[in-house]
Amino acid sequence: MAVAADATPPVATVRERVSRPMVVAAVLIAWLVLFTVLRGRQTLALAAADLTGLHRWLNDVNDTIGANRNSNPVFLYFFNEIRLVIDNLVTFVQSLISQPSGSRPVPQIGWLGVVGLTGYVSWAVGNWRVALLAVAGFTFFGLQGLWQESMDTLALTLSAVIVALLIGIPLGVWAGLSDRFNRIMTPFLDFMQTMPTFVYLAPLTLIFLIGGASAVITTVIYAAPPAIRITAHAIRSVPETTVEAADSLGTTRSQQLLKVLLPMSRRTVVMGVNQTIMAALAMVTIAALIDAPGLGKTVVQALQSLDVGTAFNAGLAIVVMAIVLDRVTTAAAARTGARPTGGRFPKWRRPLLVAGGIGAVVLVYLSHTYVWAAEFPGNGSAGSHIASAADTTTTWLQDHLSGVTNGIRNVITDGLLNPFQTLLTDSPWWLVGVTLVALGAVLGGWRAGATAAVCVALLVGTGVWSDSMTTLASTAVATVLVMLLGAVFGVWMGRSRVVDRLVRPTLDAAQVMPPFVYLVPFLALFGATRFTAIVAAVVYAAPVAIKIIADGVRNVSESTVEAATSAGCTTWQIITKVQLPMARSALTLATNQGLIYVLSMVVVGGLVGAGALGYDVVAGFSQGELYGKGLAAGLAIVLLGVMFDRITQAAARRTRA
């Protein structure tokens, strides 16, 4: 019996010998072998103009809702009322700064008043440098010939932020005070922040139609989660000793909230406002696809006509607006944190604030009264020069660098994208599904595997399996490139604080820009191809991956690195044998974030020839008979995002454990 017992290896020993990478390799090899035998069978391919039963049913639902919108009680007394309230808010804000109102040929506050108010508010909440940046940025909009478009974008953003904060901050406070409510909200917030921006558009237009009001409602839903999550975190971060001290003094629950919790967490709450504003600006520009006015509409029209100059000019305005809004709210958070006693301004600054306020009121009065102060002077010649320079640069790049750009594109496309896309699209659907479920179970555990199984089944049901696999191929290739960049620059930054100080501001600035903007320069370099979307996705997602990996490498114990150095390890050995293995949880988290960012950008690339799910969504807005297919494509994007997120998050947790 003893001999027999010794002959049977323990389960733990078997598990140690069969590592996770070995199982992953075995799954992939089995996939490749079966692919060579079953290639081209049961691929669920669907032509661009073909529809499934689900797509036709969704078209019928859309038609039915349109026919009964003004008679169905749910729409008549609920959804239509919400749309009416938001529409009135948007119209009011637009009448203030961007659109003529009533008999007036200009808005209530003209360009001079808007610039004056912007400068004053930026100085009051920040400092004179931020105010100078804001004034210069807003003046630049007029010089570009994009004043009204910029103000339309600002009006939609402000309207969405107001509603998002009215909803988000109270819910965030509730989640910060109640563990039960926080547990209920967390899955919804995770789900909402996993979904790419594209996905929100189609279902909400089904309910609220298209236009500015729908764009604001969509933006509110997208921008509220950061406000809720960060406010809850701020409330929970207040030291328990402070709360206990207030409790011992006999304060009520409301007094604790108003006198202790909110004042002590206001800096973090202002940071949440910053994130809400940036999310709102990103969504408002993409909402141009549902006829939202502003800079996003100019960019979309230019991208669709491949007018790089116009797209670059409008994209530059979006970048400037994003930088201004980010710097103002960041400065407000910093100043709030620097005033721990009630947030009051120093006495010496109060007369200056009063004088500045009077000056701003005078500028508002002038812009309300006089045409010269209401309409921006000039004809936007700076914008024409910028667009012309962008077109000239594009022509030069295409004439002189086409060999390099085409070479890069061909290497990536022929060497990585095409083979992997062929593997995904030409394999039987069930073989790909089994592979994804197996990889999910191996990397993330049985729950991740079960999630993958549900997502695969629903993907088949959407009727856009082949397009989903094409999008999956582009996403996977872009994520590999993101992780390569992340590893190189992340290790470099993690090992050198000088490099970190030099590179990190650029990465922070890159994360401020809305995803739309990334398409423009690469459209000039690579033309309207799916590779353009992949490169834009890599540049969009790389900053977050680089910063996560850099922080992970830096957190490796210095004593461990010193011990490896004293043992005679080379720099390469220290990186590959010590720092990266010990930072593997950061690598897994970077993969998670990289995948989500890449997916959101790849589908936006449907505007510049990326095809697949992104094209299906865009076509659904422009061609009524394809609306159902576009809605199904949006669901497929959600399913891919959920599957990626759950598998990589579970893998990260297992790595940390």
# chains A, B, ... in the order shown; residues from 1 in each chain; ligands from 1
>>> residues_around(residues="Ala175 of chain A", least_positions_apart="3", cutoff="10 Å", atoms="only C-alpha atoms", output="PyMOL selection string")
chain A and resi 169-172+178-186+228-229+231-233+235-236
>>> write_last_selection(atoms="C-alpha atoms", output="compact mmCIF listing (two decimals), in the first residue's frame")
# COMPACT_ATOMS: atom_id res chain seq x y z
CA ILE A 169 -22.84 63.40 -6.19
CA PRO A 170 -25.93 62.45 -4.11
CA LEU A 171 -25.63 58.82 -5.24
CA GLY A 172 -21.90 58.93 -4.47
CA SER A 178 -24.00 52.82 2.98
CA ASP A 179 -22.04 49.60 2.41
CA ARG A 180 -25.17 47.88 1.09
CA PHE A 181 -25.88 50.58 -1.50
CA ASN A 182 -22.21 50.64 -2.48
CA ARG A 183 -22.30 46.87 -3.13
CA ILE A 184 -25.42 47.34 -5.27
CA MET A 185 -23.95 50.21 -7.28
CA THR A 186 -20.45 48.81 -7.89
CA ILE A 228 -20.53 58.53 -8.22
CA ARG A 229 -17.45 56.38 -7.75
CA THR A 231 -17.52 60.86 -4.43
CA ALA A 232 -18.12 57.55 -2.67
CA HIS A 233 -14.36 57.01 -2.39
CA ILE A 235 -16.57 59.97 1.71
CA ARG A 236 -15.07 56.61 2.67
>>> residues_around(residues="Gln301 of chain A", least_positions_apart="5", cutoff="12 Å", atoms="only C-alpha atoms", output="list in words")
Ile286, Ala288, Leu289, Asp291, Pro293, Gly294, Leu295, Gly296, Leu306, Asp307, Val308, Gly309, Thr310, Ala311, Phe312, Ala314, Gly315, Leu607 and Val608 of chain A
>>> write_last_selection(atoms="N, CA, C and O atoms", output="PDB file, in the first residue's frame")
ATOM      1  N   ILE A 286     -18.308  62.459 -29.675  1.00  0.00           N
ATOM      2  CA  ILE A 286     -18.723  61.251 -30.389  1.00  0.00           C
ATOM      3  C   ILE A 286     -20.224  61.275 -30.676  1.00  0.00           C
ATOM      4  O   ILE A 286     -20.689  60.714 -31.674  1.00  0.00           O
ATOM      5  N   ALA A 288     -21.805  63.369 -31.984  1.00  0.00           N
ATOM      6  CA  ALA A 288     -22.073  63.973 -33.290  1.00  0.00           C
ATOM      7  C   ALA A 288     -22.701  62.953 -34.235  1.00  0.00           C
ATOM      8  O   ALA A 288     -23.407  63.320 -35.179  1.00  0.00           O
ATOM      9  N   LEU A 289     -22.455  61.669 -33.991  1.00  0.00           N
ATOM     10  CA  LEU A 289     -23.051  60.622 -34.822  1.00  0.00           C
ATOM     11  C   LEU A 289     -24.569  60.580 -34.689  1.00  0.00           C
ATOM     12  O   LEU A 289     -25.253  60.025 -35.551  1.00  0.00           O
ATOM     13  N   ASP A 291     -26.296  63.421 -34.414  1.00  0.00           N
ATOM     14  CA  ASP A 291     -26.682  64.779 -34.805  1.00  0.00           C
ATOM     15  C   ASP A 291     -26.519  65.795 -33.681  1.00  0.00           C
ATOM     16  O   ASP A 291     -27.235  66.805 -33.652  1.00  0.00           O
ATOM     17  N   PRO A 293     -24.760  68.961 -32.206  1.00  0.00           N
ATOM     18  CA  PRO A 293     -24.001  70.037 -32.834  1.00  0.00           C
ATOM     19  C   PRO A 293     -22.637  70.206 -32.171  1.00  0.00           C
ATOM     20  O   PRO A 293     -22.377  69.662 -31.098  1.00  0.00           O
ATOM     21  N   GLY A 294     -21.768  70.961 -32.830  1.00  0.00           N
ATOM     22  CA  GLY A 294     -20.487  71.279 -32.230  1.00  0.00           C
ATOM     23  C   GLY A 294     -19.299  70.778 -33.019  1.00  0.00           C
ATOM     24  O   GLY A 294     -19.392  70.410 -34.200  1.00  0.00           O
ATOM     25  N   LEU A 295     -18.158  70.753 -32.340  1.00  0.00           N
ATOM     26  CA  LEU A 295     -16.901  70.382 -32.983  1.00  0.00           C
ATOM     27  C   LEU A 295     -16.901  68.930 -33.450  1.00  0.00           C
ATOM     28  O   LEU A 295     -16.306  68.595 -34.473  1.00  0.00           O
ATOM     29  N   GLY A 296     -17.539  68.053 -32.691  1.00  0.00           N
ATOM     30  CA  GLY A 296     -17.571  66.643 -33.072  1.00  0.00           C
ATOM     31  C   GLY A 296     -18.227  66.442 -34.426  1.00  0.00           C
ATOM     32  O   GLY A 296     -17.779  65.613 -35.235  1.00  0.00           O
ATOM     33  N   LEU A 306     -12.830  62.337 -45.760  1.00  0.00           N
ATOM     34  CA  LEU A 306     -11.365  62.253 -45.768  1.00  0.00           C
ATOM     35  C   LEU A 306     -10.715  63.628 -45.934  1.00  0.00           C
ATOM     36  O   LEU A 306      -9.654  63.767 -46.552  1.00  0.00           O
ATOM     37  N   ASP A 307     -11.349  64.659 -45.361  1.00  0.00           N
ATOM     38  CA  ASP A 307     -10.812  66.021 -45.379  1.00  0.00           C
ATOM     39  C   ASP A 307      -9.942  66.210 -44.147  1.00  0.00           C
ATOM     40  O   ASP A 307     -10.412  66.654 -43.086  1.00  0.00           O
ATOM     41  N   VAL A 308      -8.663  65.877 -44.269  1.00  0.00           N
ATOM     42  CA  VAL A 308      -7.762  65.873 -43.118  1.00  0.00           C
ATOM     43  C   VAL A 308      -7.586  67.272 -42.550  1.00  0.00           C
ATOM     44  O   VAL A 308      -7.531  67.460 -41.330  1.00  0.00           O
ATOM     45  N   GLY A 309      -7.494  68.296 -43.397  1.00  0.00           N
ATOM     46  CA  GLY A 309      -7.268  69.653 -42.926  1.00  0.00           C
ATOM     47  C   GLY A 309      -8.374  70.143 -42.017  1.00  0.00           C
ATOM     48  O   GLY A 309      -8.118  70.643 -40.912  1.00  0.00           O
ATOM     49  N   THR A 310      -9.627  70.002 -42.461  1.00  0.00           N
ATOM     50  CA  THR A 310     -10.762  70.430 -41.642  1.00  0.00           C
ATOM     51  C   THR A 310     -10.847  69.609 -40.362  1.00  0.00           C
ATOM     52  O   THR A 310     -11.115  70.145 -39.279  1.00  0.00           O
ATOM     53  N   ALA A 311     -10.626  68.302 -40.464  1.00  0.00           N
ATOM     54  CA  ALA A 311     -10.657  67.443 -39.279  1.00  0.00           C
ATOM     55  C   ALA A 311      -9.574  67.832 -38.288  1.00  0.00           C
ATOM     56  O   ALA A 311      -9.800  67.858 -37.070  1.00  0.00           O
ATOM     57  N   PHE A 312      -8.388  68.175 -38.800  1.00  0.00           N
ATOM     58  CA  PHE A 312      -7.292  68.558 -37.913  1.00  0.00           C
ATOM     59  C   PHE A 312      -7.603  69.872 -37.201  1.00  0.00           C
ATOM     60  O   PHE A 312      -7.356  70.011 -35.999  1.00  0.00           O
ATOM     61  N   ALA A 314     -10.588  71.216 -36.475  1.00  0.00           N
ATOM     62  CA  ALA A 314     -11.611  70.991 -35.455  1.00  0.00           C
ATOM     63  C   ALA A 314     -11.081  70.109 -34.330  1.00  0.00           C
ATOM     64  O   ALA A 314     -11.393  70.334 -33.152  1.00  0.00           O
ATOM     65  N   GLY A 315     -10.264  69.097 -34.678  1.00  0.00           N
ATOM     66  CA  GLY A 315      -9.672  68.239 -33.649  1.00  0.00           C
ATOM     67  C   GLY A 315      -8.768  69.022 -32.721  1.00  0.00           C
ATOM     68  O   GLY A 315      -8.731  68.782 -31.501  1.00  0.00           O
ATOM     69  N   LEU A 607     -15.231  54.772 -38.546  1.00  0.00           N
ATOM     70  CA  LEU A 607     -15.391  55.990 -39.339  1.00  0.00           C
ATOM     71  C   LEU A 607     -14.310  56.142 -40.399  1.00  0.00           C
ATOM     72  O   LEU A 607     -14.472  56.923 -41.341  1.00  0.00           O
ATOM     73  N   VAL A 608     -13.190  55.447 -40.245  1.00  0.00           N
ATOM     74  CA  VAL A 608     -12.069  55.634 -41.176  1.00  0.00           C
ATOM     75  C   VAL A 608     -11.658  54.313 -41.811  1.00  0.00           C
ATOM     76  O   VAL A 608     -10.481  54.061 -42.047  1.00  0.00           O
TER      77      VAL A 608
END
>>> closest_residue(among="A:Leu580, A:Leu424, A:Ala334, A:Leu146", to="Gly40 of chain A", atoms="only C-alpha atoms")
A:Leu424
>>> residues_around(residues="Arg20 of chain A", least_positions_apart="3", cutoff="9 Å", atoms="only C-alpha atoms", output="list in words")
Arg15, Val23, Val24, Ala25, Val442 and Leu443 of chain A
>>> write_last_selection(atoms="C-alpha atoms", output="compact mmCIF listing (two decimals), in the first residue's frame")
# COMPACT_ATOMS: atom_id res chain seq x y z
CA ARG A 15 -0.45 21.22 -10.64
CA VAL A 23 -2.27 24.79 -20.40
CA VAL A 24 -2.77 27.98 -22.43
CA ALA A 25 -0.23 26.73 -24.99
CA VAL A 442 -7.53 28.85 -17.30
CA LEU A 443 -6.58 32.51 -16.90
>>> residues_around(residues="Met264 of chain A", least_positions_apart="3", cutoff="9 Å", atoms="only C-alpha atoms", output="mmCIF file with all heavy atoms, in the first residue's frame")
data_model
loop_
_atom_site.group_PDB
_atom_site.id
_atom_site.type_symbol
_atom_site.label_atom_id
_atom_site.label_comp_id
_atom_site.auth_asym_id
_atom_site.auth_seq_id
_atom_site.Cartn_x
_atom_site.Cartn_y
_atom_site.Cartn_z
ATOM 1 N N ALA A 234 -14.312 59.383 -1.813
ATOM 2 C CA ALA A 234 -13.941 60.533 -0.981
ATOM 3 C C ALA A 234 -14.595 60.443 0.394
ATOM 4 O O ALA A 234 -13.939 60.699 1.425
ATOM 5 C CB ALA A 234 -14.356 61.823 -1.680
ATOM 6 N N ILE A 235 -15.864 60.080 0.431
ATOM 7 C CA ILE A 235 -16.571 59.973 1.715
ATOM 8 C C ILE A 235 -15.954 58.864 2.563
ATOM 9 O O ILE A 235 -15.737 59.017 3.778
ATOM 10 C CB ILE A 235 -18.069 59.701 1.482
ATOM 11 C CG1 ILE A 235 -18.729 60.873 0.755
ATOM 12 C CG2 ILE A 235 -18.776 59.415 2.804
ATOM 13 C CD1 ILE A 235 -18.742 62.161 1.516
ATOM 14 N N VAL A 238 -12.487 59.587 4.519
ATOM 15 C CA VAL A 238 -12.392 60.426 5.720
ATOM 16 C C VAL A 238 -12.017 59.543 6.914
ATOM 17 O O VAL A 238 -12.641 58.492 7.126
ATOM 18 C CB VAL A 238 -13.734 61.154 5.982
ATOM 19 C CG1 VAL A 238 -13.674 61.935 7.284
ATOM 20 C CG2 VAL A 238 -14.058 62.077 4.818
ATOM 21 N N LYS A 259 -20.915 69.037 7.873
ATOM 22 C CA LYS A 259 -19.860 69.749 8.595
ATOM 23 C C LYS A 259 -18.533 69.001 8.634
ATOM 24 O O LYS A 259 -17.485 69.609 8.894
ATOM 25 C CB LYS A 259 -20.311 70.012 10.047
ATOM 26 C CG LYS A 259 -21.587 70.819 10.178
ATOM 27 C CD LYS A 259 -21.404 72.248 9.685
ATOM 28 C CE LYS A 259 -22.658 73.082 9.945
ATOM 29 N NZ LYS A 259 -22.508 74.472 9.457
ATOM 30 N N VAL A 260 -18.564 67.685 8.382
ATOM 31 C CA VAL A 260 -17.335 66.891 8.507
ATOM 32 C C VAL A 260 -16.993 66.176 7.199
ATOM 33 O O VAL A 260 -15.946 66.424 6.595
ATOM 34 C CB VAL A 260 -17.458 65.860 9.660
ATOM 35 C CG1 VAL A 260 -16.172 65.027 9.768
ATOM 36 C CG2 VAL A 260 -17.737 66.569 10.970
ATOM 37 N N LEU A 261 -17.875 65.286 6.757
ATOM 38 C CA LEU A 261 -17.541 64.407 5.635
ATOM 39 C C LEU A 261 -17.333 65.178 4.329
ATOM 40 O O LEU A 261 -16.303 65.026 3.662
ATOM 41 C CB LEU A 261 -18.639 63.354 5.460
ATOM 42 C CG LEU A 261 -18.783 62.351 6.606
ATOM 43 C CD1 LEU A 261 -19.992 61.443 6.393
ATOM 44 C CD2 LEU A 261 -17.522 61.507 6.742
ATOM 45 N N ARG A 267 -11.780 68.062 -1.829
ATOM 46 C CA ARG A 267 -10.742 68.037 -2.864
ATOM 47 C C ARG A 267 -10.938 66.832 -3.783
ATOM 48 O O ARG A 267 -10.847 66.952 -5.014
ATOM 49 C CB ARG A 267 -9.358 67.984 -2.235
ATOM 50 C CG ARG A 267 -8.247 67.955 -3.283
ATOM 51 C CD ARG A 267 -6.882 67.945 -2.661
ATOM 52 N NE ARG A 267 -5.853 67.986 -3.702
ATOM 53 C CZ ARG A 267 -4.546 67.992 -3.448
ATOM 54 N NH1 ARG A 267 -4.112 67.975 -2.203
ATOM 55 N NH2 ARG A 267 -3.687 68.029 -4.442
ATOM 56 N N THR A 268 -11.202 65.677 -3.206
ATOM 57 C CA THR A 268 -11.416 64.486 -4.024
ATOM 58 C C THR A 268 -12.690 64.609 -4.840
ATOM 59 O O THR A 268 -12.745 64.162 -5.996
ATOM 60 C CB THR A 268 -11.480 63.237 -3.126
ATOM 61 O OG1 THR A 268 -10.314 63.185 -2.308
ATOM 62 C CG2 THR A 268 -11.542 61.966 -3.960
ATOM 63 N N PRO A 340 -7.624 74.199 3.870
ATOM 64 C CA PRO A 340 -8.307 73.229 4.717
ATOM 65 C C PRO A 340 -9.350 73.822 5.647
ATOM 66 O O PRO A 340 -10.147 73.110 6.212
ATOM 67 C CB PRO A 340 -7.146 72.613 5.520
ATOM 68 C CG PRO A 340 -6.117 73.692 5.560
ATOM 69 C CD PRO A 340 -6.231 74.433 4.271
#
>>> residues_around(residues="Ile109 of chain A", least_positions_apart="3", cutoff="9 Å", atoms="only C-alpha atoms", output="list in words")
Ser95, Leu96, Ile97, Ser98, Val106, Leu112, Gly113, Val114, Val364, Tyr365, Leu366, Ser367, His368, Thr369 and Ala374 of chain A
>>> closest_residue(among="A:Val320, A:Val220, A:Leu117, A:Ala541", to="Ile358 of chain A", atoms="only C-alpha atoms")
A:Leu117
>>> decode(residues="segment 234-262 of chain A", atoms="N, CA and C atoms", output="PDB file, in the first residue's frame")
ATOM      1  N   ALA A 234     -14.312  59.383  -1.813  1.00  0.00           N
ATOM      2  CA  ALA A 234     -13.941  60.533  -0.981  1.00  0.00           C
ATOM      3  C   ALA A 234     -14.595  60.443   0.394  1.00  0.00           C
ATOM      4  N   ILE A 235     -15.864  60.080   0.431  1.00  0.00           N
ATOM      5  CA  ILE A 235     -16.571  59.973   1.715  1.00  0.00           C
ATOM      6  C   ILE A 235     -15.954  58.864   2.563  1.00  0.00           C
ATOM      7  N   ARG A 236     -15.631  57.735   1.930  1.00  0.00           N
ATOM      8  CA  ARG A 236     -15.071  56.612   2.674  1.00  0.00           C
ATOM      9  C   ARG A 236     -13.628  56.855   3.120  1.00  0.00           C
ATOM     10  N   SER A 237     -12.957  57.818   2.501  1.00  0.00           N
ATOM     11  CA  SER A 237     -11.559  58.085   2.833  1.00  0.00           C
ATOM     12  C   SER A 237     -11.396  59.000   4.043  1.00  0.00           C
ATOM     13  N   VAL A 238     -12.487  59.587   4.519  1.00  0.00           N
ATOM     14  CA  VAL A 238     -12.392  60.426   5.720  1.00  0.00           C
ATOM     15  C   VAL A 238     -12.017  59.543   6.914  1.00  0.00           C
ATOM     16  N   PRO A 239     -10.993  59.914   7.689  1.00  0.00           N
ATOM     17  CA  PRO A 239     -10.553  59.051   8.806  1.00  0.00           C
ATOM     18  C   PRO A 239     -11.684  58.737   9.780  1.00  0.00           C
ATOM     19  N   GLU A 240     -11.735  57.495  10.218  1.00  0.00           N
ATOM     20  CA  GLU A 240     -12.781  57.083  11.149  1.00  0.00           C
ATOM     21  C   GLU A 240     -12.685  57.831  12.474  1.00  0.00           C
ATOM     22  N   THR A 241     -11.456  58.166  12.874  1.00  0.00           N
ATOM     23  CA  THR A 241     -11.292  58.884  14.144  1.00  0.00           C
ATOM     24  C   THR A 241     -11.984  60.240  14.101  1.00  0.00           C
ATOM     25  N   THR A 242     -11.947  60.887  12.947  1.00  0.00           N
ATOM     26  CA  THR A 242     -12.613  62.186  12.812  1.00  0.00           C
ATOM     27  C   THR A 242     -14.127  62.027  12.933  1.00  0.00           C
ATOM     28  N   VAL A 243     -14.655  61.001  12.275  1.00  0.00           N
ATOM     29  CA  VAL A 243     -16.095  60.753  12.355  1.00  0.00           C
ATOM     30  C   VAL A 243     -16.495  60.394  13.783  1.00  0.00           C
ATOM     31  N   GLU A 244     -15.691  59.574  14.448  1.00  0.00           N
ATOM     32  CA  GLU A 244     -15.986  59.193  15.836  1.00  0.00           C
ATOM     33  C   GLU A 244     -15.940  60.400  16.758  1.00  0.00           C
ATOM     34  N   ALA A 245     -14.982  61.302  16.510  1.00  0.00           N
ATOM     35  CA  ALA A 245     -14.904  62.508  17.336  1.00  0.00           C
ATOM     36  C   ALA A 245     -16.151  63.367  17.153  1.00  0.00           C
ATOM     37  N   ALA A 246     -16.592  63.515  15.909  1.00  0.00           N
ATOM     38  CA  ALA A 246     -17.811  64.285  15.655  1.00  0.00           C
ATOM     39  C   ALA A 246     -19.020  63.607  16.283  1.00  0.00           C
ATOM     40  N   ASP A 247     -19.051  62.278  16.252  1.00  0.00           N
ATOM     41  CA  ASP A 247     -20.160  61.524  16.833  1.00  0.00           C
ATOM     42  C   ASP A 247     -20.196  61.699  18.347  1.00  0.00           C
ATOM     43  N   SER A 248     -19.016  61.726  18.959  1.00  0.00           N
ATOM     44  CA  SER A 248     -18.952  61.872  20.415  1.00  0.00           C
ATOM     45  C   SER A 248     -19.419  63.252  20.875  1.00  0.00           C
ATOM     46  N   LEU A 249     -19.387  64.239  19.966  1.00  0.00           N
ATOM     47  CA  LEU A 249     -19.855  65.585  20.296  1.00  0.00           C
ATOM     48  C   LEU A 249     -21.365  65.724  20.128  1.00  0.00           C
ATOM     49  N   GLY A 250     -22.025  64.642  19.723  1.00  0.00           N
ATOM     50  CA  GLY A 250     -23.475  64.646  19.620  1.00  0.00           C
ATOM     51  C   GLY A 250     -24.022  65.144  18.308  1.00  0.00           C
ATOM     52  N   THR A 251     -23.205  65.141  17.248  1.00  0.00           N
ATOM     53  CA  THR A 251     -23.688  65.614  15.951  1.00  0.00           C
ATOM     54  C   THR A 251     -24.668  64.605  15.347  1.00  0.00           C
ATOM     55  N   THR A 252     -25.626  65.127  14.611  1.00  0.00           N
ATOM     56  CA  THR A 252     -26.566  64.259  13.914  1.00  0.00           C
ATOM     57  C   THR A 252     -25.919  63.744  12.622  1.00  0.00           C
ATOM     58  N   ARG A 253     -26.636  62.813  11.967  1.00  0.00           N
ATOM     59  CA  ARG A 253     -26.119  62.251  10.726  1.00  0.00           C
ATOM     60  C   ARG A 253     -25.948  63.331   9.656  1.00  0.00           C
ATOM     61  N   SER A 254     -26.927  64.212   9.541  1.00  0.00           N
ATOM     62  CA  SER A 254     -26.837  65.280   8.543  1.00  0.00           C
ATOM     63  C   SER A 254     -25.746  66.277   8.892  1.00  0.00           C
ATOM     64  N   GLN A 255     -25.553  66.557  10.169  1.00  0.00           N
ATOM     65  CA  GLN A 255     -24.473  67.468  10.573  1.00  0.00           C
ATOM     66  C   GLN A 255     -23.103  66.864  10.265  1.00  0.00           C
ATOM     67  N   GLN A 256     -22.960  65.564  10.524  1.00  0.00           N
ATOM     68  CA  GLN A 256     -21.700  64.902  10.177  1.00  0.00           C
ATOM     69  C   GLN A 256     -21.412  65.022   8.686  1.00  0.00           C
ATOM     70  N   LEU A 257     -22.463  64.838   7.886  1.00  0.00           N
ATOM     71  CA  LEU A 257     -22.271  64.902   6.439  1.00  0.00           C
ATOM     72  C   LEU A 257     -21.887  66.308   5.993  1.00  0.00           C
ATOM     73  N   LEU A 258     -22.630  67.315   6.465  1.00  0.00           N
ATOM     74  CA  LEU A 258     -22.437  68.683   5.985  1.00  0.00           C
ATOM     75  C   LEU A 258     -21.243  69.381   6.630  1.00  0.00           C
ATOM     76  N   LYS A 259     -20.915  69.037   7.873  1.00  0.00           N
ATOM     77  CA  LYS A 259     -19.860  69.749   8.595  1.00  0.00           C
ATOM     78  C   LYS A 259     -18.533  69.001   8.634  1.00  0.00           C
ATOM     79  N   VAL A 260     -18.564  67.685   8.382  1.00  0.00           N
ATOM     80  CA  VAL A 260     -17.335  66.891   8.507  1.00  0.00           C
ATOM     81  C   VAL A 260     -16.993  66.176   7.199  1.00  0.00           C
ATOM     82  N   LEU A 261     -17.875  65.286   6.757  1.00  0.00           N
ATOM     83  CA  LEU A 261     -17.541  64.407   5.635  1.00  0.00           C
ATOM     84  C   LEU A 261     -17.333  65.178   4.329  1.00  0.00           C
ATOM     85  N   LEU A 262     -18.302  66.014   3.952  1.00  0.00           N
ATOM     86  CA  LEU A 262     -18.172  66.741   2.685  1.00  0.00           C
ATOM     87  C   LEU A 262     -17.034  67.764   2.699  1.00  0.00           C
TER      88      LEU A 262
END
